[in-house]
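Below is model_11.cif, holding mmCIF, C-alpha atoms and all ligand atoms.
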data_final
#
loop_
_atom_site.label_atom_id
_atom_site.label_comp_id
_atom_site.auth_asym_id
_atom_site.auth_seq_id
_atom_site.Cartn_x
_atom_site.Cartn_y
_atom_site.Cartn_z
CA MET A 1 10.64 -10.20 -8.76
CA THR A 2 7.59 -7.97 -8.79
CA ALA A 3 4.45 -9.16 -10.51
CA PRO A 4 2.17 -6.60 -12.14
CA ILE A 5 -0.27 -5.05 -9.72
CA THR A 6 -3.75 -5.93 -10.78
CA GLN A 7 -7.17 -5.79 -9.30
CA ASP A 8 -9.06 -8.15 -11.56
CA VAL A 9 -9.52 -10.89 -9.04
CA LEU A 10 -12.14 -13.54 -8.73
CA THR A 11 -15.03 -12.61 -6.49
CA LEU A 12 -17.80 -15.07 -5.73
CA PRO A 13 -21.31 -14.03 -6.73
CA ARG A 14 -22.20 -11.62 -3.97
CA LYS A 15 -24.59 -13.55 -1.79
CA LEU A 16 -24.88 -17.04 -3.22
CA PRO A 17 -22.98 -19.69 -1.28
CA GLU A 18 -22.32 -23.09 -2.81
CA GLY A 19 -25.57 -24.64 -1.59
CA GLY A 20 -27.55 -22.14 -3.63
CA LYS A 21 -29.61 -20.42 -0.94
CA PRO A 22 -28.52 -16.87 -0.22
CA ASN A 23 -26.74 -16.32 3.09
CA LEU A 24 -28.34 -13.59 5.20
CA VAL A 25 -25.05 -13.16 7.05
CA GLY A 26 -23.02 -10.31 5.59
CA MET A 27 -25.91 -8.51 3.94
CA THR A 28 -26.38 -4.85 4.78
CA ARG A 29 -29.83 -3.87 6.06
CA ASP A 30 -30.84 -2.67 2.58
CA GLN A 31 -29.69 -5.88 0.96
CA MET A 32 -31.49 -7.97 3.56
CA ARG A 33 -34.67 -5.99 3.07
CA ALA A 34 -34.58 -6.59 -0.69
CA ALA A 35 -33.88 -10.31 -0.14
CA LEU A 36 -36.77 -10.72 2.32
CA ILE A 37 -39.16 -9.00 -0.08
CA GLU A 38 -38.03 -11.23 -2.91
CA ALA A 39 -38.73 -14.26 -0.72
CA GLY A 40 -42.32 -13.10 -0.17
CA THR A 41 -42.21 -10.74 2.79
CA PRO A 42 -44.82 -7.99 2.28
CA GLU A 43 -43.04 -4.69 1.58
CA LYS A 44 -44.78 -2.98 4.45
CA GLN A 45 -43.39 -5.46 6.94
CA ALA A 46 -39.92 -5.74 5.46
CA LYS A 47 -38.20 -3.12 7.58
CA MET A 48 -39.56 -4.59 10.80
CA ARG A 49 -38.58 -8.11 9.73
CA VAL A 50 -35.05 -6.97 8.98
CA GLY A 51 -34.91 -5.47 12.47
CA GLN A 52 -36.07 -8.70 14.06
CA VAL A 53 -33.79 -11.02 12.11
CA TRP A 54 -30.90 -8.60 12.57
CA GLN A 55 -31.27 -8.66 16.31
CA TRP A 56 -31.40 -12.45 16.43
CA VAL A 57 -28.35 -12.86 14.25
CA TYR A 58 -26.12 -10.02 15.38
CA HIS A 59 -27.23 -9.30 18.92
CA TRP A 60 -28.08 -12.80 20.18
CA GLY A 61 -25.83 -14.76 17.85
CA VAL A 62 -28.65 -17.09 16.80
CA ARG A 63 -28.08 -19.03 13.57
CA ASP A 64 -31.16 -21.21 13.54
CA PHE A 65 -34.38 -19.69 12.21
CA GLU A 66 -36.41 -22.01 14.45
CA ALA A 67 -34.97 -20.28 17.52
CA MET A 68 -36.29 -16.86 16.44
CA THR A 69 -39.25 -17.15 18.73
CA ASN A 70 -40.81 -13.73 18.19
CA LEU A 71 -41.43 -14.63 14.55
CA ALA A 72 -44.53 -16.62 13.57
CA LYS A 73 -43.85 -20.29 12.79
CA ASP A 74 -44.83 -19.80 9.15
CA TYR A 75 -42.46 -16.95 8.76
CA ARG A 76 -39.60 -18.92 10.32
CA ALA A 77 -40.34 -21.69 7.82
CA LEU A 78 -40.30 -19.20 4.95
CA LEU A 79 -36.92 -17.93 6.05
CA ALA A 80 -35.50 -21.43 6.37
CA GLN A 81 -36.84 -22.33 2.94
CA HIS A 82 -35.16 -19.37 1.25
CA PHE A 83 -32.04 -18.56 3.24
CA VAL A 84 -29.12 -19.88 5.22
CA LEU A 85 -27.19 -18.30 8.07
CA GLU A 86 -23.60 -19.41 7.61
CA VAL A 87 -20.20 -18.44 8.90
CA PRO A 88 -16.88 -20.02 7.91
CA GLU A 89 -16.12 -23.36 9.51
CA VAL A 90 -13.37 -23.57 12.13
CA VAL A 91 -10.95 -26.31 11.11
CA THR A 92 -8.43 -25.98 13.90
CA LYS A 93 -8.03 -23.78 16.92
CA GLN A 94 -4.74 -23.22 18.71
CA VAL A 95 -4.33 -21.44 22.01
CA SER A 96 -0.95 -19.93 22.87
CA SER A 97 0.51 -19.89 26.35
CA ASP A 98 -0.08 -16.09 26.32
CA GLY A 99 -3.79 -16.54 25.57
CA THR A 100 -3.58 -15.69 21.86
CA ARG A 101 -5.97 -17.84 19.86
CA LYS A 102 -5.52 -18.75 16.26
CA TYR A 103 -8.31 -20.20 14.18
CA LEU A 104 -7.83 -21.79 10.82
CA VAL A 105 -11.16 -21.47 9.04
CA ARG A 106 -12.47 -22.97 5.85
CA ILE A 107 -14.48 -21.00 3.34
CA ALA A 108 -16.39 -21.98 0.21
CA GLY A 109 -14.17 -23.66 -2.35
CA GLY A 110 -12.15 -25.36 0.37
CA HIS A 111 -9.82 -22.40 0.90
CA GLU A 112 -8.49 -21.58 4.32
CA VAL A 113 -7.74 -18.33 6.08
CA GLU A 114 -6.56 -17.51 9.56
CA VAL A 115 -8.15 -15.41 12.24
CA VAL A 116 -6.16 -14.40 15.32
CA TYR A 117 -7.51 -13.23 18.66
CA ILE A 118 -5.10 -11.29 20.87
CA PRO A 119 -6.24 -10.61 24.44
CA GLU A 120 -4.60 -7.69 26.24
CA THR A 121 -5.35 -6.10 29.59
CA ASP A 122 -7.46 -3.25 28.21
CA ARG A 123 -8.76 -4.81 25.00
CA GLY A 124 -9.20 -7.91 22.89
CA THR A 125 -8.16 -7.52 19.29
CA LEU A 126 -9.33 -9.73 16.47
CA CYS A 127 -7.13 -9.79 13.38
CA ILE A 128 -9.17 -10.73 10.32
CA SER A 129 -8.43 -11.44 6.66
CA SER A 130 -9.96 -9.86 3.57
CA GLN A 131 -8.56 -12.04 0.77
CA VAL A 132 -7.16 -15.53 0.28
CA GLY A 133 -3.59 -14.63 -0.67
CA CYS A 134 -2.77 -11.19 -2.05
CA THR A 135 -2.14 -9.67 -5.49
CA LEU A 136 0.68 -7.59 -4.09
CA THR A 137 4.17 -8.90 -3.59
CA CYS A 138 5.73 -7.16 -0.61
CA SER A 139 9.12 -8.82 -0.36
CA PHE A 140 9.10 -9.32 3.45
CA CYS A 141 5.55 -10.70 3.63
CA HIS A 142 4.81 -14.37 3.45
CA THR A 143 1.31 -13.76 2.10
CA GLY A 144 2.98 -11.87 -0.74
CA THR A 145 4.63 -15.10 -1.90
CA GLN A 146 1.22 -16.74 -2.30
CA LYS A 147 -0.98 -16.08 -5.32
CA LEU A 148 -4.30 -14.40 -4.79
CA VAL A 149 -6.99 -17.03 -4.81
CA ARG A 150 -10.03 -14.86 -4.31
CA ASN A 151 -11.65 -12.02 -2.44
CA LEU A 152 -13.60 -12.96 0.66
CA THR A 153 -17.31 -12.22 0.59
CA ALA A 154 -18.84 -9.83 3.14
CA ALA A 155 -20.35 -12.91 4.83
CA GLU A 156 -16.92 -14.48 5.19
CA ILE A 157 -15.49 -11.28 6.66
CA VAL A 158 -18.32 -10.73 9.17
CA GLY A 159 -18.30 -14.48 9.79
CA GLN A 160 -14.75 -14.29 11.15
CA VAL A 161 -15.97 -11.94 13.86
CA MET A 162 -18.98 -14.14 14.59
CA LEU A 163 -17.03 -17.37 14.90
CA ALA A 164 -14.59 -15.72 17.30
CA ARG A 165 -17.53 -14.57 19.42
CA ASP A 166 -18.89 -18.12 19.29
CA ASP A 167 -15.60 -19.55 20.51
CA LEU A 168 -15.18 -16.93 23.24
CA ASN A 169 -18.77 -17.44 24.31
CA GLU A 170 -19.40 -13.76 23.89
CA TRP A 171 -23.02 -13.61 22.75
CA PRO A 172 -25.34 -12.25 25.44
CA VAL A 173 -27.55 -14.65 27.33
CA GLN A 174 -31.24 -13.72 27.41
CA GLY A 175 -32.30 -12.65 30.87
CA ALA A 176 -28.73 -12.42 32.18
CA PRO A 177 -27.37 -9.06 33.35
CA LYS A 178 -25.76 -7.09 30.56
CA ASN A 179 -22.04 -7.72 30.40
CA GLU A 180 -20.20 -4.56 29.36
CA THR A 181 -16.80 -6.19 29.12
CA ARG A 182 -16.03 -6.87 25.52
CA LEU A 183 -13.85 -9.80 24.65
CA VAL A 184 -13.61 -8.84 21.00
CA SER A 185 -13.40 -5.07 21.55
CA ASN A 186 -11.29 -4.17 18.52
CA ILE A 187 -10.90 -5.39 14.98
CA VAL A 188 -7.84 -5.00 12.79
CA LEU A 189 -7.93 -5.77 9.08
CA MET A 190 -4.34 -6.96 9.16
CA GLY A 191 -4.64 -10.60 8.23
CA MET A 192 -4.24 -11.90 4.72
CA GLY A 193 -4.88 -9.67 1.75
CA GLU A 194 -5.15 -6.04 0.81
CA PRO A 195 -8.53 -4.82 2.14
CA LEU A 196 -8.71 -1.88 -0.25
CA TYR A 197 -8.61 -4.29 -3.21
CA ASN A 198 -11.78 -5.85 -1.85
CA PHE A 199 -13.39 -2.56 -0.93
CA GLU A 200 -17.14 -3.22 -1.25
CA ASN A 201 -17.12 -6.47 0.70
CA VAL A 202 -14.91 -5.04 3.43
CA ARG A 203 -17.11 -1.95 3.66
CA ASP A 204 -20.36 -3.92 3.85
CA ALA A 205 -18.91 -6.29 6.43
CA MET A 206 -17.72 -3.41 8.61
CA LYS A 207 -21.15 -1.74 8.32
CA VAL A 208 -22.69 -4.89 9.73
CA VAL A 209 -20.13 -5.08 12.53
CA MET A 210 -20.63 -1.39 13.43
CA ASP A 211 -24.44 -1.49 13.40
CA GLY A 212 -25.66 -0.39 16.84
CA GLU A 213 -28.40 -3.04 17.03
CA GLY A 214 -25.98 -5.91 16.67
CA ILE A 215 -22.29 -6.47 17.27
CA ALA A 216 -22.08 -2.70 17.69
CA LEU A 217 -18.37 -2.05 17.55
CA GLY A 218 -17.70 1.67 17.18
CA ARG A 219 -15.88 2.86 14.08
CA ARG A 220 -12.87 3.85 16.16
CA ARG A 221 -12.48 0.26 17.26
CA ILE A 222 -11.79 -0.87 13.72
CA THR A 223 -8.43 -0.34 12.02
CA LEU A 224 -7.96 -1.05 8.35
CA SER A 225 -4.38 -1.60 7.23
CA THR A 226 -3.44 -0.81 3.65
CA SER A 227 -0.20 -1.10 1.75
CA GLY A 228 -1.11 2.25 0.15
CA VAL A 229 -3.92 1.92 -2.39
CA VAL A 230 -4.13 5.69 -2.80
CA PRO A 231 -7.34 6.02 -4.87
CA GLU A 232 -9.35 4.16 -2.21
CA ILE A 233 -8.11 6.05 0.83
CA ALA A 234 -10.59 8.94 0.78
CA ARG A 235 -13.41 6.46 0.19
CA THR A 236 -12.36 4.54 3.26
CA ALA A 237 -13.00 7.59 5.40
CA GLN A 238 -16.27 8.44 3.69
CA GLU A 239 -17.82 5.02 3.36
CA ILE A 240 -16.39 3.13 6.34
CA GLY A 241 -15.09 5.81 8.69
CA CYS A 242 -12.74 3.48 10.52
CA LEU A 243 -9.20 4.19 11.63
CA LEU A 244 -6.43 3.78 9.10
CA ALA A 245 -3.06 2.09 9.32
CA VAL A 246 -0.59 2.24 6.49
CA SER A 247 2.23 -0.19 5.80
CA PHE A 248 4.90 2.45 5.38
CA HIS A 249 8.07 0.45 6.04
CA ALA A 250 10.60 2.72 4.31
CA THR A 251 11.65 6.35 4.08
CA THR A 252 12.93 6.53 0.50
CA ASP A 253 11.16 5.52 -2.69
CA GLU A 254 14.17 3.42 -3.61
CA VAL A 255 13.78 1.17 -0.56
CA ARG A 256 9.98 1.26 -0.49
CA ASP A 257 9.88 0.17 -4.15
CA GLN A 258 11.71 -2.96 -3.03
CA LEU A 259 9.69 -3.66 0.11
CA VAL A 260 6.20 -2.54 -0.90
CA PRO A 261 6.13 -2.64 -4.71
CA ILE A 262 2.80 -0.81 -4.92
CA ASN A 263 5.05 2.19 -4.21
CA LYS A 264 6.03 2.12 -7.89
CA LYS A 265 2.46 3.03 -8.70
CA TRP A 266 1.79 5.43 -5.84
CA ASN A 267 5.02 6.69 -4.33
CA ILE A 268 5.70 8.08 -0.87
CA ALA A 269 4.82 11.69 -1.76
CA THR A 270 1.53 10.66 -3.38
CA LEU A 271 0.67 8.43 -0.44
CA LEU A 272 1.40 11.16 2.09
CA GLU A 273 -0.81 13.62 0.19
CA ALA A 274 -3.71 11.15 0.39
CA LEU A 275 -3.08 10.58 4.09
CA LYS A 276 -2.96 14.31 4.86
CA ALA A 277 -6.35 14.63 3.25
CA TYR A 278 -7.86 11.70 5.15
CA PRO A 279 -11.05 13.49 6.13
CA GLY A 280 -11.78 14.14 9.75
CA LEU A 281 -8.18 13.62 10.72
CA THR A 282 -7.69 14.89 14.23
CA ASN A 283 -5.14 14.15 16.86
CA SER A 284 -7.51 11.72 18.51
CA GLU A 285 -7.79 9.79 15.27
CA ARG A 286 -4.22 9.44 14.27
CA ILE A 287 -3.03 7.37 11.35
CA THR A 288 -0.89 4.42 12.36
CA PHE A 289 2.30 4.10 10.36
CA GLU A 290 3.35 0.48 10.44
CA TYR A 291 7.07 0.00 10.10
CA VAL A 292 8.57 -3.46 9.93
CA MET A 293 12.10 -3.53 11.34
CA LEU A 294 14.43 -5.24 8.85
CA ASP A 295 18.04 -5.51 9.85
CA HIS A 296 20.21 -2.97 7.98
CA VAL A 297 17.54 -2.42 5.34
CA ASN A 298 15.30 0.29 6.77
CA ASP A 299 16.32 0.57 10.43
CA SER A 300 19.13 3.16 10.57
CA LYS A 301 19.07 6.37 12.60
CA GLU A 302 18.98 8.28 9.29
CA ASP A 303 15.81 6.39 8.43
CA ALA A 304 14.27 7.38 11.75
CA HIS A 305 15.09 11.06 11.18
CA ARG A 306 13.75 10.92 7.62
CA LEU A 307 10.56 9.30 8.87
CA VAL A 308 10.02 12.13 11.34
CA GLU A 309 10.38 14.63 8.49
CA LEU A 310 7.89 12.74 6.34
CA LEU A 311 5.32 12.60 9.14
CA ARG A 312 5.31 16.36 9.61
CA GLY A 313 1.78 17.70 9.48
CA ILE A 314 0.06 14.33 9.87
CA PRO A 315 -1.43 13.25 13.20
CA ALA A 316 0.40 9.96 13.39
CA LYS A 317 1.75 7.22 15.55
CA VAL A 318 4.40 4.76 14.50
CA ASN A 319 3.97 1.09 15.18
CA LEU A 320 7.34 -0.65 15.02
CA ILE A 321 6.98 -4.31 14.09
CA PRO A 322 9.99 -6.58 14.68
CA PHE A 323 10.22 -8.61 11.48
CA ASN A 324 8.66 -12.04 11.78
CA GLU A 325 11.09 -14.28 10.02
CA TRP A 326 9.79 -17.09 7.85
CA PRO A 327 11.72 -19.90 6.17
CA GLY A 328 13.45 -18.56 3.09
CA ALA A 329 12.77 -14.90 3.93
CA PRO A 330 15.33 -12.55 2.38
CA TYR A 331 15.59 -10.43 5.57
CA LYS A 332 16.53 -10.66 9.23
CA ARG A 333 14.85 -9.06 12.22
CA SER A 334 16.64 -5.92 13.45
CA SER A 335 18.45 -6.25 16.76
CA GLY A 336 16.77 -4.99 19.92
CA ASN A 337 19.33 -2.18 20.12
CA ARG A 338 18.60 -0.92 16.63
CA ILE A 339 14.84 -1.10 17.20
CA HIS A 340 15.10 0.85 20.47
CA ALA A 341 17.42 3.49 18.98
CA PHE A 342 14.95 3.95 16.13
CA ALA A 343 11.97 4.14 18.48
CA ASP A 344 13.72 6.77 20.64
CA ILE A 345 14.26 9.14 17.73
CA ILE A 346 10.59 8.92 16.73
CA TYR A 347 9.50 9.37 20.34
CA GLN A 348 11.79 12.37 20.92
CA ALA A 349 10.16 14.02 17.92
CA GLY A 350 6.81 13.81 19.68
CA TYR A 351 5.28 10.71 18.14
CA SER A 352 4.16 7.64 19.98
CA SER A 353 6.37 4.77 18.80
CA PRO A 354 5.38 1.49 20.45
CA ILE A 355 7.30 -1.65 19.53
CA ARG A 356 4.83 -4.41 18.82
CA THR A 357 5.39 -7.36 21.13
CA PRO A 358 5.32 -10.62 19.27
CA ARG A 359 2.26 -12.55 20.44
CA GLY A 360 1.45 -16.19 20.19
CA GLU A 361 4.89 -17.07 18.86
CA ASP A 362 4.53 -20.65 20.06
CA ILE A 363 1.58 -21.07 17.70
CA MET A 364 3.03 -18.83 14.94
CA ALA A 365 0.12 -16.47 15.26
CA ALA A 366 1.88 -13.43 13.84
CA CYS A 367 -0.70 -11.28 12.25
CA GLY A 368 0.67 -10.45 8.81
CA GLN A 369 2.31 -13.74 7.95
CA LEU A 370 -0.66 -15.99 8.19
CA LYS A 371 -1.71 -19.42 7.10
CA SER A 372 1.18 -21.19 5.46
CA ALA A 373 3.01 -21.79 8.73
CA THR A 374 -0.11 -23.49 10.05
CA GLU A 375 -0.30 -25.77 7.09
CA LYS A 376 3.22 -26.98 7.71
CA GLN A 377 2.65 -27.21 11.41
CA ARG A 378 -0.58 -29.09 11.02
CA LYS A 379 1.19 -31.79 9.08
CA SER A 380 3.39 -32.41 12.07
CA ALA A 381 0.30 -32.45 14.35
CA THR A 382 1.11 -30.23 17.28
CA LYS A 383 0.16 -30.50 20.90
CA THR A 384 -2.21 -27.56 21.16
CA THR A 385 -4.30 -28.22 18.08
CA VAL A 386 -7.90 -28.94 18.87
CA GLN A 387 -10.30 -30.05 16.20
CA GLY A 388 -12.98 -27.35 15.91
N1 LIG B 1 -2.28 -5.92 3.10
C1 LIG B 1 -2.43 -5.02 4.19
C2 LIG B 1 -2.87 -5.67 5.47
C3 LIG B 1 -2.30 -7.02 5.83
S1 LIG B 1 -0.63 -7.10 6.37
C4 LIG B 1 -1.16 -4.25 4.39
O1 LIG B 1 -0.15 -4.59 3.77
O2 LIG B 1 -1.18 -3.28 5.14
C5 LIG B 1 -0.65 -6.46 8.04
C6 LIG B 1 0.69 -5.88 8.46
O3 LIG B 1 1.66 -6.91 8.71
C7 LIG B 1 1.29 -4.96 7.42
O4 LIG B 1 1.81 -3.80 7.98
C8 LIG B 1 2.38 -5.82 6.86
O5 LIG B 1 3.35 -5.04 6.23
C9 LIG B 1 2.87 -6.54 8.09
N2 LIG B 1 3.68 -7.75 7.82
C10 LIG B 1 3.54 -8.62 6.80
N3 LIG B 1 4.47 -9.61 6.90
C11 LIG B 1 5.20 -9.36 8.00
C12 LIG B 1 6.30 -10.02 8.63
N4 LIG B 1 6.80 -11.13 8.14
N5 LIG B 1 6.79 -9.47 9.76
C13 LIG B 1 6.24 -8.35 10.28
N6 LIG B 1 5.22 -7.69 9.73
C14 LIG B 1 4.70 -8.18 8.60
FE1 LIG B 2 -0.31 -8.13 0.59
FE2 LIG B 2 -0.13 -6.63 2.83
FE3 LIG B 2 1.43 -8.80 2.47
FE4 LIG B 2 1.86 -6.63 1.02
S1 LIG B 2 2.07 -6.79 3.27
S2 LIG B 2 1.82 -8.75 0.25
S3 LIG B 2 -0.21 -5.88 0.70
S4 LIG B 2 -0.79 -8.80 2.67
#
Would you put the structure from the file into structure tokens?
Amino acid sequence: MTAPITQDVLTLPRKLPEGGKPNLVGMTRDQMRAALIEAGTPEKQAKMRVGQVWQWVYHWGVRDFEAMTNLAKDYRALLAQHFVLEVPEVVTKQVSSDGTRKYLVRIAGGHEVEVVYIPETDRGTLCISSQVGCTLTCSFCHTGTQKLVRNLTAAEIVGQVMLARDDLNEWPVQGAPKNETRLVSNIVLMGMGEPLYNFENVRDAMKVVMDGEGIALGRRRITLSTSGVVPEIARTAQEIGCLLAVSFHATTDEVRDQLVPINKKWNIATLLEALKAYPGLTNSERITFEYVMLDHVNDSKEDAHRLVELLRGIPAKVNLIPFNEWPGAPYKRSSGNRIHAFADIIYQAGYSSPIRTPRGEDIMAACGQLKSATEKQRKSATKTTVQG
């Protein structure tokens, strides 16, 4: 059942969209500086120009060079001649009765990925994708049944955040009092794909999102979820510095090999070693252990006790995810009783063990089993679908 785990996936040329002009969206400051110089910006001015364009694009949300009114007309024309400012196109938007929003967005090549916005009382979380499909084949994950099509570019990853801010009307208005309430206050890389198999693009995109002169989300507001790509874990701390979640899902190698086949390459012991060494790990920056609750597969009391043993020495919290069933899935969701019994054991051992509440079920917005459900649903044209 398990396909070989490979990393040799198709990545688009870094900054060239289909139209040919480079997209300034998604470039780091250094990359933008080099691009502006290449387009004729005098080297001496380049840093200042990057600062100006950056503020327009990432602070004000402006995507039209003409509107960048503190730049001379000639310079605006030069920018428009050489560059585009593009984010993925929203194809459909669905709003759940609980406020969850799901966007189906189209990227170059006609591929589609989903972005989900989950409003809660104290935060608004945006779940974004890093790949179209996934090379890995976790047996409970719907994305795992789809072939990897390609890595998303940094522009397409940052663009998911920008289009959500567009839709939520979250860009500041010039002259208006500063609004400190963030609608998109947190980002989770828990959509489609394995972010650590698209490391550079994910890193660059998160650098843009974290930059204090723009969208300015702090590194602790970003959580990257990995199935356990051990060699990239230390780099994640060093080069991104965000919080880490790991799709743990089992307490023995035998079961984890079945659920998360990357375990055959890097087993539980190897994974835990890498997590223990996650630099800067303190109790305030705990690692989230995601644990999908599959009926009679990984949800026994013995599993809960084993999990507690494995967590020893790691500042951790356990996020229990009731399995989201999909048509043809080989598993069932654990009963409420089994989930609560499991959660209690973890909690008694001193770890936070929240049970994730399913959100947006009426629009099938489950983060972690994205896209295909929408395609089916779209064919039967549902009530809440709005053309974007
Ligand atoms: N590839 C990364 C991130 C995307 S998946 C990873 O595996 O961590 C985000 C989370 O959703 C993971 O913990 C994943 O195991 C979980 N998930 C996937 N399919 C699911 C399903 N059908 N029900 C519940 N959780 C699921
Ligand atoms: Fe890929 Fe994550 Fe799904 Fe596994 S759980 S197949 S790594 S998206």
Centre, x/y/z edge lengths, axis-aligned box for ligand LIG 2 (chain B) with 4 Å per side, as AutoDock Vina command-line options:
--center_x 0.6 --center_y -7.3 --center_z 1.8 --size_x 10.9 --size_y 10.9 --size_z 11.0
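You will find atom O1 of ligand LIG 1 (chain B) at 29.3 Å from atom CA of A:Glu170.
In this comparison, which uses all atoms listed in the file, the residue of A:Leu71, A:Val84, A:Leu78, A:Leu275 approaching A:Glu38 most closely is A:Leu78.
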Residues up to 10 Å from ligand LIG 2 (chain B), counting only C-alpha atoms and all ligand atoms: could you list those as a ChimeraX atom specification?
-> /A:129-148,190-197,225-229,246-249,259-262,292,367-370
Keeping only C-alpha atoms, write the selected residues to a file as a compact mmCIF listing (two decimals), in the frame of the given file.
# COMPACT_ATOMS: atom_id res chain seq x y z
CA SER A 129 -8.43 -11.44 6.66
CA SER A 130 -9.96 -9.86 3.57
CA GLN A 131 -8.56 -12.04 0.77
CA VAL A 132 -7.16 -15.53 0.28
CA GLY A 133 -3.59 -14.63 -0.67
CA CYS A 134 -2.77 -11.19 -2.05
CA THR A 135 -2.14 -9.67 -5.49
CA LEU A 136 0.68 -7.59 -4.09
CA THR A 137 4.17 -8.90 -3.59
CA CYS A 138 5.73 -7.16 -0.61
CA SER A 139 9.12 -8.82 -0.36
CA PHE A 140 9.10 -9.32 3.45
CA CYS A 141 5.55 -10.70 3.63
CA HIS A 142 4.81 -14.37 3.45
CA THR A 143 1.31 -13.76 2.10
CA GLY A 144 2.98 -11.87 -0.74
CA THR A 145 4.63 -15.10 -1.90
CA GLN A 146 1.22 -16.74 -2.30
CA LYS A 147 -0.98 -16.08 -5.32
CA LEU A 148 -4.30 -14.40 -4.79
CA MET A 190 -4.34 -6.96 9.16
CA GLY A 191 -4.64 -10.60 8.23
CA MET A 192 -4.24 -11.90 4.72
CA GLY A 193 -4.88 -9.67 1.75
CA GLU A 194 -5.15 -6.04 0.81
CA PRO A 195 -8.53 -4.82 2.14
CA LEU A 196 -8.71 -1.88 -0.25
CA TYR A 197 -8.61 -4.29 -3.21
CA SER A 225 -4.38 -1.60 7.23
CA THR A 226 -3.44 -0.81 3.65
CA SER A 227 -0.20 -1.10 1.75
CA GLY A 228 -1.11 2.25 0.15
CA VAL A 229 -3.92 1.92 -2.39
CA VAL A 246 -0.59 2.24 6.49
CA SER A 247 2.23 -0.19 5.80
CA PHE A 248 4.90 2.45 5.38
CA HIS A 249 8.07 0.45 6.04
CA LEU A 259 9.69 -3.66 0.11
CA VAL A 260 6.20 -2.54 -0.90
CA PRO A 261 6.13 -2.64 -4.71
CA ILE A 262 2.80 -0.81 -4.92
CA VAL A 292 8.57 -3.46 9.93
CA CYS A 367 -0.70 -11.28 12.25
CA GLY A 368 0.67 -10.45 8.81
CA GLN A 369 2.31 -13.74 7.95
CA LEU A 370 -0.66 -15.99 8.19
Each residue of stretch 159-277 of chain A with at least one atom at most 10 Å from stretch 85-93 of chain A should appear once, together with its nearest atom pair and the corresponding distance in Å (one decimal); atoms considered: all atoms listed in the file; ordering: chain, then increasing residue number; output as a Markdown table.
| residue | atom | partner | partner_atom | distance |
| --- | --- | --- | --- | --- |
| A:Gly159 | CA | A:Val87 | CA | 4.5 |
| A:Gln160 | CA | A:Pro88 | CA | 6.9 |
| A:Val161 | CA | A:Val87 | CA | 9.2 |
| A:Met162 | CA | A:Val87 | CA | 7.2 |
| A:Leu163 | CA | A:Val87 | CA | 6.9 |
| A:Ala164 | CA | A:Val90 | CA | 9.5 |
| A:Asp167 | CA | A:Lys93 | CA | 9.4 |
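Taking atom CA of A:Arg220 as the reference point, atom CA of A:Glu285 is found at 7.9 Å.
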A:Ser335, A:Ser300, A:Asn169, A:Ser185: which is nearest A:Gly61, counting only C-alpha atoms?
-> A:Asn169
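Nearest residue to A:Tyr351, choosing from A:Val297, A:Ile287, A:Ile339, A:Ala277 and counting only C-alpha atoms: A:Ile287.
Interatomic distance, atom C9 of ligand LIG 1 (chain B) against atom CA of A:Arg235: 22.3 Å.
Nearest-residue note for ligand LIG 1 (chain B): choosing from A:Lys301, A:Arg256, A:His82, A:Lys264, the minimum distance belongs to A:Arg256, counting all atoms listed in the file.
For the choices A:Lys207, A:Arg63, A:Lys102, A:Arg312, the atom-to-atom distance to A:Arg29 is smallest for A:Lys207 when using all atoms listed in the file.
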